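Listing of start-v3.txt, compact mmCIF, C-alpha atoms
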```txt
# COMPACT_ATOMS: atom_id res chain seq x y z
CA MET G 1 -7.73 -16.98 -33.41
CA ARG G 2 -11.39 -16.37 -32.68
CA LYS G 3 -12.71 -12.83 -33.06
CA LYS G 4 -14.02 -11.75 -29.67
CA LYS G 5 -17.70 -10.86 -29.28
CA ASP G 6 -19.55 -8.91 -26.65
CA SER G 7 -21.82 -11.13 -24.58
CA HIS G 8 -24.47 -8.40 -24.62
CA PRO G 9 -23.98 -6.54 -27.92
CA LEU G 10 -27.44 -4.89 -27.88
CA SER G 11 -29.48 -3.31 -25.11
CA HIS G 12 -32.94 -4.71 -25.95
CA PRO G 13 -33.65 -7.71 -23.68
CA LEU G 14 -34.73 -9.81 -26.67
CA ALA G 15 -31.68 -8.92 -28.77
CA PRO G 16 -29.88 -12.28 -28.21
CA TYR G 17 -32.93 -14.39 -29.07
CA PRO G 18 -34.82 -15.46 -32.21
CA VAL G 19 -38.37 -14.14 -31.75
CA LEU G 20 -40.69 -13.41 -34.66
CA GLY G 21 -44.15 -11.91 -34.64
CA ILE G 22 -46.66 -13.01 -37.25
CA CYS G 23 -49.04 -10.07 -37.39
CA GLY G 24 -51.62 -8.78 -39.79
CA ASP G 25 -55.21 -8.07 -40.60
CA SER G 26 -58.08 -10.37 -39.78
CA GLY G 27 -58.36 -13.07 -42.40
CA ALA G 28 -54.75 -12.68 -43.54
CA GLY G 29 -53.96 -16.33 -42.77
CA LYS G 30 -51.75 -15.95 -39.70
CA THR G 31 -52.90 -19.14 -37.97
CA THR G 32 -52.77 -21.26 -41.13
CA LEU G 33 -49.26 -20.02 -41.90
CA ILE G 34 -47.93 -20.73 -38.39
CA GLU G 35 -49.55 -24.16 -38.37
CA ALA G 36 -47.76 -25.07 -41.63
CA LEU G 37 -44.48 -23.54 -40.46
CA ILE G 38 -44.18 -25.52 -37.21
CA PRO G 39 -43.52 -29.00 -38.69
CA ARG G 40 -40.94 -27.53 -41.08
CA LEU G 41 -39.05 -26.09 -38.13
CA ARG G 42 -39.47 -29.24 -36.06
CA SER G 43 -38.04 -31.32 -38.91
CA ARG G 44 -34.78 -29.35 -38.45
CA GLY G 45 -34.60 -30.41 -34.80
CA LEU G 46 -35.77 -27.04 -33.51
CA HIS G 47 -37.84 -26.67 -30.34
CA VAL G 48 -40.71 -24.26 -31.14
CA ALA G 49 -43.01 -22.21 -28.94
CA VAL G 50 -46.02 -20.22 -30.14
CA VAL G 51 -47.44 -17.36 -28.11
CA LYS G 52 -51.03 -16.65 -29.08
CA ASP G 53 -53.04 -13.55 -28.23
CA GLY G 54 -56.64 -13.47 -27.12
CA ALA G 55 -56.72 -16.56 -24.93
CA HIS G 56 -59.96 -15.33 -23.33
CA LYS G 57 -61.64 -16.45 -26.57
CA VAL G 58 -59.85 -19.81 -26.79
CA GLN G 59 -61.06 -23.19 -25.61
CA ILE G 60 -57.74 -24.94 -25.07
CA ASP G 61 -59.16 -28.48 -25.07
CA THR G 62 -61.27 -28.08 -28.24
CA ARG G 63 -59.97 -29.90 -31.28
CA GLY G 64 -59.59 -27.71 -34.33
CA LYS G 65 -59.11 -24.49 -32.39
CA ASP G 66 -55.96 -22.48 -33.13
CA SER G 67 -54.11 -23.61 -30.00
CA ASP G 68 -54.91 -27.26 -30.67
CA ARG G 69 -53.73 -26.91 -34.27
CA PHE G 70 -50.40 -25.44 -33.16
CA PHE G 71 -49.91 -28.09 -30.50
CA SER G 72 -50.79 -30.89 -32.92
CA ALA G 73 -48.27 -29.46 -35.40
CA GLY G 74 -45.50 -29.86 -32.81
CA ALA G 75 -45.17 -26.53 -30.98
CA ASP G 76 -45.63 -25.77 -27.32
CA VAL G 77 -48.40 -23.20 -27.04
CA VAL G 78 -48.65 -20.32 -24.58
CA LEU G 79 -52.00 -18.58 -24.34
CA LEU G 80 -52.20 -15.04 -23.00
CA GLY G 81 -55.53 -14.03 -21.50
CA GLU G 82 -57.69 -13.94 -18.44
CA GLN G 83 -58.22 -17.57 -17.36
CA PRO G 84 -56.79 -18.57 -13.95
CA PHE G 85 -54.31 -21.01 -15.51
CA LEU G 86 -52.80 -18.11 -17.44
CA ARG G 87 -52.40 -15.85 -14.45
CA HIS G 88 -48.60 -16.08 -14.43
CA GLN G 89 -48.56 -13.75 -17.44
CA GLN G 90 -50.23 -11.00 -15.44
CA GLN G 91 -47.15 -10.73 -13.22
CA GLY G 92 -44.98 -9.10 -15.83
CA ASP G 93 -44.94 -7.67 -19.33
CA LEU G 94 -44.77 -9.72 -22.49
CA ILE G 95 -41.13 -8.88 -23.23
CA ALA G 96 -39.97 -10.31 -19.89
CA PHE G 97 -42.11 -13.39 -20.48
CA LEU G 98 -40.63 -13.88 -23.96
CA VAL G 99 -37.11 -13.69 -22.51
CA THR G 100 -38.05 -16.54 -20.17
CA LEU G 101 -39.43 -18.61 -23.05
CA CYS G 102 -36.38 -17.96 -25.23
CA SER G 103 -34.14 -19.47 -22.56
CA SER G 104 -35.67 -22.86 -23.43
CA TYR G 105 -36.76 -22.63 -27.08
CA ASP G 106 -34.87 -22.31 -30.36
CA ILE G 107 -37.55 -20.09 -31.90
CA VAL G 108 -40.57 -18.30 -30.43
CA LEU G 109 -43.35 -17.28 -32.78
CA VAL G 110 -45.81 -14.67 -31.58
CA GLU G 111 -49.22 -14.41 -33.25
CA GLY G 112 -50.58 -10.90 -33.06
CA HIS G 113 -49.25 -8.37 -30.53
CA ALA G 114 -48.59 -5.65 -33.09
CA ALA G 115 -47.98 -3.19 -30.26
CA THR G 116 -45.13 -5.29 -28.83
CA ALA G 117 -41.60 -4.24 -29.85
CA ILE G 118 -40.43 -7.45 -31.54
CA PRO G 119 -39.33 -8.20 -35.11
CA LYS G 120 -42.35 -9.19 -37.15
CA VAL G 121 -43.80 -10.06 -40.51
CA TRP G 122 -46.97 -8.19 -41.44
CA LEU G 123 -49.57 -10.06 -43.49
CA SER G 124 -52.01 -7.89 -45.41
CA GLY G 125 -55.67 -8.81 -45.50
CA PRO G 126 -57.71 -10.22 -48.35
CA GLY G 127 -57.89 -6.79 -49.97
CA GLY G 128 -54.08 -6.56 -50.08
CA GLN G 129 -53.87 -3.29 -48.19
CA HIS G 130 -50.42 -2.55 -46.69
CA ASP G 131 -51.33 0.08 -44.10
CA LEU G 132 -49.82 -0.76 -40.71
CA PRO G 133 -51.79 0.07 -37.56
CA PRO G 134 -50.62 3.22 -35.76
CA GLN G 135 -49.93 1.24 -32.57
CA ASN G 136 -47.38 -1.01 -34.29
CA LYS G 137 -43.97 -1.28 -32.62
CA GLY G 138 -40.86 -3.22 -33.51
CA GLN G 139 -39.01 -3.82 -36.76
CA ILE G 140 -41.11 -4.93 -39.72
CA LEU G 141 -39.00 -7.46 -41.61
CA ALA G 142 -41.48 -7.85 -44.45
CA VAL G 143 -44.97 -6.80 -45.52
CA LEU G 144 -46.55 -9.59 -47.54
CA ASN G 145 -49.85 -10.17 -49.25
CA ARG G 146 -51.61 -13.53 -49.31
CA GLN G 147 -49.75 -14.69 -52.43
CA GLN G 148 -46.35 -13.65 -51.12
CA ALA G 149 -46.76 -15.12 -47.63
CA THR G 150 -45.95 -18.68 -48.58
CA VAL G 151 -44.63 -21.22 -46.09
CA ASP G 152 -41.38 -21.44 -48.06
CA HIS G 153 -40.90 -17.67 -47.90
CA ILE G 154 -41.57 -17.42 -44.16
CA PHE G 155 -39.56 -20.55 -43.43
CA SER G 156 -36.54 -19.04 -45.19
CA LEU G 157 -36.96 -15.81 -43.24
CA VAL G 158 -37.24 -17.65 -39.91
CA GLN G 159 -34.20 -19.80 -40.70
CA SER G 160 -32.19 -16.68 -41.46
CA LEU G 161 -33.28 -15.11 -38.16
CA ILE G 162 -32.38 -18.25 -36.18
CA THR G 163 -28.99 -18.56 -37.87
CA THR G 164 -28.16 -14.89 -37.35
CA LYS G 165 -28.97 -14.99 -33.64
CA TRP G 166 -27.15 -18.31 -33.24
CA GLU G 167 -24.00 -16.95 -34.88
CA GLN G 168 -24.13 -13.88 -32.64
CA THR G 169 -24.17 -15.98 -29.48
CA PRO G 170 -20.78 -15.57 -27.76
CA ILE G 171 -18.78 -18.70 -26.95
CA TRP G 172 -17.02 -18.54 -23.61
CA GLY G 173 -14.63 -21.03 -22.08
CA CYS G 174 -14.96 -22.25 -18.51
CA ILE G 175 -12.13 -24.08 -16.74
CA LEU G 176 -13.09 -25.89 -13.54
CA ILE G 177 -10.56 -25.71 -10.72
CA GLY G 178 -10.59 -26.55 -7.02
CA GLY G 179 -11.84 -29.81 -5.63
CA LYS G 180 -10.20 -31.84 -2.88
CA SER G 181 -7.43 -33.38 -5.05
CA SER G 182 -7.15 -36.03 -2.34
CA ARG G 183 -5.71 -38.66 -4.66
CA MET G 184 -3.15 -36.25 -6.11
CA GLY G 185 -2.18 -34.76 -2.74
CA ARG G 186 -1.89 -31.22 -4.09
CA PRO G 187 -3.99 -28.80 -6.20
CA LYS G 188 -4.03 -30.25 -9.68
CA HIS G 189 -4.38 -26.93 -11.47
CA LEU G 190 -1.01 -25.79 -9.99
CA ILE G 191 1.00 -28.82 -11.13
CA ARG G 192 3.82 -27.61 -13.36
CA GLU G 193 4.81 -29.07 -16.70
CA LYS G 194 7.29 -27.45 -19.09
CA ASP G 195 7.51 -24.28 -16.98
CA LYS G 196 3.73 -23.78 -16.93
CA THR G 197 1.02 -24.90 -14.58
CA TRP G 198 -1.71 -27.12 -15.94
CA LEU G 199 -4.08 -24.19 -15.50
CA GLU G 200 -1.89 -21.83 -17.52
CA HIS G 201 -1.61 -24.44 -20.25
CA ALA G 202 -5.40 -24.90 -20.27
CA VAL G 203 -5.98 -21.16 -20.61
CA GLU G 204 -3.40 -20.94 -23.39
CA THR G 205 -5.11 -23.77 -25.29
CA LEU G 206 -8.65 -22.53 -24.79
CA SER G 207 -8.23 -18.77 -25.29
CA PRO G 208 -7.87 -18.72 -29.10
CA LYS G 209 -11.10 -20.71 -29.50
CA VAL G 210 -13.46 -18.63 -27.34
CA ASP G 211 -14.47 -15.04 -26.70
CA GLN G 212 -13.60 -15.11 -22.99
CA VAL G 213 -12.04 -17.59 -20.55
CA VAL G 214 -13.51 -17.85 -17.06
CA LEU G 215 -12.19 -19.77 -14.04
CA SER G 216 -14.82 -21.51 -11.92
CA GLY G 217 -13.99 -22.74 -8.43
CA SER G 218 -11.78 -21.85 -5.50
CA GLY G 219 -8.07 -22.00 -4.88
CA GLU G 220 -4.85 -20.13 -5.55
CA ILE G 221 -4.07 -19.31 -9.17
CA PRO G 222 -0.85 -18.18 -10.90
CA SER G 223 -0.33 -14.43 -10.96
CA THR G 224 -0.21 -14.58 -14.77
CA LEU G 225 -3.95 -15.36 -14.76
CA SER G 226 -5.06 -12.76 -12.22
CA SER G 227 -6.91 -10.72 -14.84
CA LEU G 228 -9.29 -13.56 -15.74
CA PRO G 229 -12.83 -13.49 -14.38
CA ARG G 230 -13.38 -15.93 -11.50
CA ILE G 231 -16.68 -17.24 -10.21
CA PRO G 232 -17.45 -19.45 -7.21
CA ASP G 233 -19.20 -22.79 -7.53
CA ALA G 234 -22.98 -22.70 -7.29
CA PRO G 235 -23.87 -22.84 -3.59
CA GLY G 236 -25.20 -26.08 -2.21
CA LEU G 237 -23.90 -28.13 -5.14
CA ALA G 238 -20.83 -30.28 -5.71
CA GLY G 239 -18.85 -31.78 -8.55
CA PRO G 240 -18.64 -30.49 -12.14
CA LEU G 241 -22.30 -29.47 -12.16
CA ALA G 242 -21.60 -26.85 -9.46
CA GLY G 243 -19.09 -25.07 -11.71
CA ILE G 244 -21.00 -25.45 -14.96
CA LEU G 245 -24.29 -24.23 -13.54
CA SER G 246 -22.58 -21.33 -11.77
CA ALA G 247 -21.18 -20.14 -15.09
CA MET G 248 -24.50 -20.51 -16.89
CA ARG G 249 -26.41 -18.66 -14.18
CA TRP G 250 -23.87 -15.85 -14.29
CA GLN G 251 -23.92 -15.31 -18.07
CA ARG G 252 -27.28 -16.44 -19.40
CA THR G 253 -26.92 -15.67 -23.11
CA VAL G 254 -23.56 -17.25 -23.94
CA SER G 255 -22.65 -20.81 -24.82
CA TRP G 256 -19.82 -22.61 -23.03
CA LEU G 257 -16.84 -24.80 -23.82
CA VAL G 258 -16.18 -26.47 -20.47
CA MET G 259 -12.99 -28.27 -19.48
CA ALA G 260 -11.32 -29.34 -16.25
CA CYS G 261 -7.90 -28.38 -14.96
CA ASP G 262 -6.94 -32.07 -14.73
CA GLN G 263 -7.17 -32.59 -18.52
CA PRO G 264 -3.61 -31.54 -19.36
CA ASP G 265 -3.50 -33.23 -22.78
CA VAL G 266 -6.29 -31.24 -24.43
CA GLN G 267 -5.45 -30.67 -28.07
CA PRO G 268 -6.63 -27.53 -29.89
CA GLU G 269 -8.06 -29.81 -32.57
CA SER G 270 -10.43 -31.36 -30.03
CA LEU G 271 -11.86 -27.90 -29.30
CA ASP G 272 -12.26 -27.31 -33.03
CA TRP G 273 -14.06 -30.65 -33.31
CA LEU G 274 -16.46 -29.73 -30.50
CA LEU G 275 -17.26 -26.38 -32.10
CA THR G 276 -18.02 -27.96 -35.46
CA GLN G 277 -20.71 -30.16 -33.84
CA ARG G 278 -22.73 -27.09 -32.86
CA GLN G 279 -25.81 -26.08 -34.77
CA PRO G 280 -29.19 -24.52 -34.03
CA GLY G 281 -31.32 -26.95 -32.07
CA ILE G 282 -28.43 -28.62 -30.25
CA ARG G 283 -28.34 -27.82 -26.52
CA ALA G 284 -25.19 -29.71 -25.56
CA VAL G 285 -22.47 -31.89 -27.06
CA LEU G 286 -21.35 -34.56 -24.58
CA PRO G 287 -18.73 -36.71 -26.36
CA ASP G 288 -19.09 -40.49 -26.31
CA LEU G 289 -15.51 -41.62 -26.92
CA LEU G 290 -16.15 -45.32 -27.49
CA GLY G 291 -19.75 -45.16 -28.64
CA ASP G 292 -20.79 -47.17 -25.58
CA GLY G 293 -23.02 -44.59 -23.93
CA HIS G 294 -20.40 -43.33 -21.44
CA LEU G 295 -20.64 -39.56 -21.87
CA GLU G 296 -17.99 -36.96 -21.12
CA PRO G 297 -19.46 -33.89 -19.34
CA LEU G 298 -16.08 -32.13 -19.30
CA LEU G 299 -14.40 -30.97 -22.44
CA ALA G 300 -17.92 -30.56 -23.71
CA TRP G 301 -20.07 -27.79 -25.14
CA TYR G 302 -23.25 -26.35 -23.57
CA ASP G 303 -25.70 -23.94 -25.18
CA PHE G 304 -27.40 -21.47 -22.82
CA ARG G 305 -30.72 -23.23 -23.51
CA CYS G 306 -29.33 -26.21 -21.65
CA ARG G 307 -29.47 -24.35 -18.34
CA PRO G 308 -33.17 -25.08 -17.61
CA GLN G 309 -32.46 -28.77 -18.19
CA LEU G 310 -29.57 -28.68 -15.72
CA GLU G 311 -31.77 -26.82 -13.23
CA SER G 312 -34.34 -29.59 -13.56
CA ILE G 313 -31.70 -32.21 -12.76
CA ILE G 314 -30.77 -30.26 -9.63
CA ALA G 315 -34.43 -29.91 -8.65
CA SER G 316 -34.81 -33.69 -8.88
CA GLY G 317 -32.10 -34.09 -6.24
CA SER G 318 -29.40 -35.39 -8.60
CA LEU G 319 -25.93 -34.06 -9.43
CA ARG G 320 -25.40 -36.37 -12.42
CA ILE G 321 -24.87 -34.47 -15.67
CA SER G 322 -25.33 -37.81 -17.46
CA ARG G 323 -29.06 -37.37 -16.86
CA LEU G 324 -28.96 -34.94 -19.78
CA ALA G 325 -28.36 -37.88 -22.09
CA ASP G 326 -31.92 -38.39 -23.34
CA GLN G 327 -33.12 -34.81 -23.15
CA VAL G 328 -34.09 -32.50 -26.00
CA GLY G 329 -31.19 -31.29 -28.12
CA VAL G 330 -28.40 -33.17 -26.30
CA ARG G 331 -26.05 -34.99 -28.69
CA HIS G 332 -23.45 -37.69 -28.02
CA PHE G 333 -21.08 -37.49 -30.96
CA GLN G 334 -17.99 -39.71 -31.10
CA PRO G 335 -14.75 -37.78 -31.66
CA PRO G 336 -11.97 -39.10 -33.92
CA GLU G 337 -9.77 -41.63 -32.15
CA HIS G 338 -6.60 -39.55 -32.46
CA LEU G 339 -8.23 -36.88 -30.26
CA HIS G 340 -9.30 -39.20 -27.44
CA SER G 341 -6.33 -38.31 -25.22
CA SER G 342 -7.82 -34.82 -24.82
CA TRP G 343 -10.49 -36.31 -22.55
CA ARG G 344 -7.98 -38.12 -20.30
CA ASN G 345 -8.15 -37.08 -16.64
CA VAL G 346 -4.96 -37.22 -14.57
CA ASN G 347 -5.80 -37.70 -10.89
CA THR G 348 -2.85 -39.43 -9.21
CA PRO G 349 0.97 -39.22 -9.12
CA ASP G 350 1.14 -42.61 -10.86
CA GLN G 351 -0.96 -41.25 -13.73
CA ILE G 352 1.43 -38.30 -14.02
CA ALA G 353 4.34 -40.72 -14.28
CA ARG G 354 2.57 -42.67 -17.04
CA LYS G 355 1.79 -39.43 -18.84
CA GLU G 356 5.47 -38.43 -18.76
CA LYS G 357 6.50 -41.83 -20.14
CA ARG G 358 4.01 -41.48 -23.00
CA ALA G 359 5.45 -38.05 -23.79
CA CYS G 360 8.95 -39.45 -23.85
CA ARG G 361 7.99 -42.27 -26.19
CA LYS G 362 6.22 -39.80 -28.47
CA LEU G 363 9.38 -37.68 -28.70
CA GLU G 364 11.56 -40.77 -29.05
CA ASN G 365 13.47 -39.55 -26.04
CA PRO G 366 15.12 -42.32 -23.96
CA CYS G 367 13.99 -40.98 -20.59
```
Could you write out this file's structure as structure tokens?
Amino acid sequence: MRKKKDSHPLSHPLAPYPVLGICGDSGAGKTTLIEALIPRLRSRGLHVAVVKDGAHKVQIDTRGKDSDRFFSAGADVVLLGEQPFLRHQQQGDLIAFLVTLCSSYDIVLVEGHAATAIPKVWLSGPGGQHDLPPQNKGQILAVLNRQQATVDHIFSLVQSLITTKWEQTPIWGCILIGGKSSRMGRPKHLIREKDKTWLEHAVETLSPKVDQVVLSGSGEIPSTLSSLPRIPDAPGLAGPLAGILSAMRWQRTVSWLVMACDQPDVQPESLDWLLTQRQPGIRAVLPDLLGDGHLEPLLAWYDFRCRPQLESIIASGSLRISRLADQVGVRHFQPPEHLHSSWRNVNTPDQIARKEKRACRKLENPC
């Protein structure tokens, strides 16, 4: 049984996200440290953004400048200043902007901005003084001199921050219902088996593995499930993407185990398998049962950082979740063969009959 977590355990808007400020005196080595840190993080499959202060002094296209060094090291670089191409930052404060960045990146490093209320490491200057400026805000995780502020030390601290925030991310379950059910001739989620509807069975299977179960889509549901949250499909969309994106837009800092109501043979072990594939840097796990490139978007796991990628697919005019296949952080692991039945969809009365025969054979019951 999974211990339930609050989807918004802390009030600060950056509380769910790994953000770290690298602050300090002039000449403390902030830029050199960040430049060395980026490839270490990238080697772990992490998508890194660096927010740099003082863009009014930066020539973005000049080789050797700080921004170029960060970009060459593998990070996306955001410059805050007065040039026209940076004007979007003037429309809101830095905290709100960082929240937007964190929806797409695994770690955001902020150089400078001592007066911004974010967790930070303070690097003392060449003289080794440890006095913090009076305008400093936010938690100071460490005060380090030049000898202490090694890449290994900061890398370990950043890894710990990423892991802590990742482990705090709630995992919710989303069951997709509704649809035309034209081939079945009746709502699939209300089909009964062993005195329970398929939907009730799905909720019973999913609940112990997640912090909250949510129903996405329209249609009548059993009275036993009336207390569960329900959300409508995203307007203007169709198919599984309408339900998945609706859930992710509704709760933007949780990750999702998504399954369909017409997957009545889902085994708890398949959910355990999906959860074990998660790690920082992975945006989605879309199983590839046969290793042939055919991905399963349902009975799959989606990190909240996958939402901008799904939004991009929608913006392109497509409804195909398979277009995630080659995007950053999307993995196509192959589950063990004995779990493959969990991904079986049942869409017609004939398929129900075959399912019942398989169950009889499994129980050695001469039906």
- Query: Given the choices G:Ser341, G:Thr31, G:Thr348, G:Ser227, which gets closest to Arg186 in chain G if the distance is worked out from all atoms listed in the file?
  - Reply: G:Thr348
- Name all residues at most 6 Å from range 20-27 of chain G (count all atoms listed in the file; drop same-chain ones fewer than 4 positions away) and give them as an NGL selection string. :G and (109-112 or 119-125)
Residue selection dump (C-alpha atoms) as a PDB file, in the frame of the given file:
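Result file result09.pdb:
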```pdb
ATOM      1  CA  LEU G 109     -43.350 -17.280 -32.780  1.00  0.00           C
ATOM      2  CA  VAL G 110     -45.810 -14.670 -31.580  1.00  0.00           C
ATOM      3  CA  GLU G 111     -49.220 -14.410 -33.250  1.00  0.00           C
ATOM      4  CA  GLY G 112     -50.580 -10.900 -33.060  1.00  0.00           C
ATOM      5  CA  PRO G 119     -39.330  -8.200 -35.110  1.00  0.00           C
ATOM      6  CA  LYS G 120     -42.350  -9.190 -37.150  1.00  0.00           C
ATOM      7  CA  VAL G 121     -43.800 -10.060 -40.510  1.00  0.00           C
ATOM      8  CA  TRP G 122     -46.970  -8.190 -41.440  1.00  0.00           C
ATOM      9  CA  LEU G 123     -49.570 -10.060 -43.490  1.00  0.00           C
ATOM     10  CA  SER G 124     -52.010  -7.890 -45.410  1.00  0.00           C
ATOM     11  CA  GLY G 125     -55.670  -8.810 -45.500  1.00  0.00           C
TER      12      GLY G 125
END
```
- Item | Length of the CA of Met259 in chain G to CA of Ile175 in chain G vector [Å] |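 Going from CA of Met259 in chain G over to CA of Ile175 in chain G, I get 5.1 Å.
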- Query: What's the 12 Å shell around Trp166 in chain G, counting all atoms listed in the file, without same-chain residues fewer than 3 positions away, as a PyMOL selection string?
  - Reply: chain G and resi 15-18+106-107+159-163+169-171+253-255+278-283+303-305
Selection file, C-alpha atoms, as a PDB file, in the coordinates of the input:
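The file below, selection_29.pdb, is the result:
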```pdb
ATOM      1  CA  ALA G  15     -31.680  -8.920 -28.770  1.00  0.00           C
ATOM      2  CA  PRO G  16     -29.880 -12.280 -28.210  1.00  0.00           C
ATOM      3  CA  TYR G  17     -32.930 -14.390 -29.070  1.00  0.00           C
ATOM      4  CA  PRO G  18     -34.820 -15.460 -32.210  1.00  0.00           C
ATOM      5  CA  ASP G 106     -34.870 -22.310 -30.360  1.00  0.00           C
ATOM      6  CA  ILE G 107     -37.550 -20.090 -31.900  1.00  0.00           C
ATOM      7  CA  GLN G 159     -34.200 -19.800 -40.700  1.00  0.00           C
ATOM      8  CA  SER G 160     -32.190 -16.680 -41.460  1.00  0.00           C
ATOM      9  CA  LEU G 161     -33.280 -15.110 -38.160  1.00  0.00           C
ATOM     10  CA  ILE G 162     -32.380 -18.250 -36.180  1.00  0.00           C
ATOM     11  CA  THR G 163     -28.990 -18.560 -37.870  1.00  0.00           C
ATOM     12  CA  THR G 169     -24.170 -15.980 -29.480  1.00  0.00           C
ATOM     13  CA  PRO G 170     -20.780 -15.570 -27.760  1.00  0.00           C
ATOM     14  CA  ILE G 171     -18.780 -18.700 -26.950  1.00  0.00           C
ATOM     15  CA  THR G 253     -26.920 -15.670 -23.110  1.00  0.00           C
ATOM     16  CA  VAL G 254     -23.560 -17.250 -23.940  1.00  0.00           C
ATOM     17  CA  SER G 255     -22.650 -20.810 -24.820  1.00  0.00           C
ATOM     18  CA  ARG G 278     -22.730 -27.090 -32.860  1.00  0.00           C
ATOM     19  CA  GLN G 279     -25.810 -26.080 -34.770  1.00  0.00           C
ATOM     20  CA  PRO G 280     -29.190 -24.520 -34.030  1.00  0.00           C
ATOM     21  CA  GLY G 281     -31.320 -26.950 -32.070  1.00  0.00           C
ATOM     22  CA  ILE G 282     -28.430 -28.620 -30.250  1.00  0.00           C
ATOM     23  CA  ARG G 283     -28.340 -27.820 -26.520  1.00  0.00           C
ATOM     24  CA  ASP G 303     -25.700 -23.940 -25.180  1.00  0.00           C
ATOM     25  CA  PHE G 304     -27.400 -21.470 -22.820  1.00  0.00           C
ATOM     26  CA  ARG G 305     -30.720 -23.230 -23.510  1.00  0.00           C
TER      27      ARG G 305
END
```
- Residue among G:Leu157, G:Ile140, G:Cys174, G:Val19 lying closest to Thr100 in chain G, counting only C-alpha atoms: G:Val19
- Query: Within 10 Å of (-8.3, -37.3, -7.1), all atoms listed in the file: residues as a PyMOL selection string?
  - Reply: chain G and resi 179-188+262+345-349
- Using all atoms listed in the file: which of G:Gly29, G:Gly138, G:Pro335, G:Gly45 has the shortest distance to Thr276 in chain G: G:Pro335
- Query: Which is closest to Glu204 in chain G among G:Leu98, G:Leu225, G:Leu295, G:Ala117, if we use all atoms listed in the file?
  - Reply: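 Of G:Leu98, G:Leu225, G:Leu295, G:Ala117, the one nearest Glu204 in chain G is G:Leu225, counting all atoms listed in the file.
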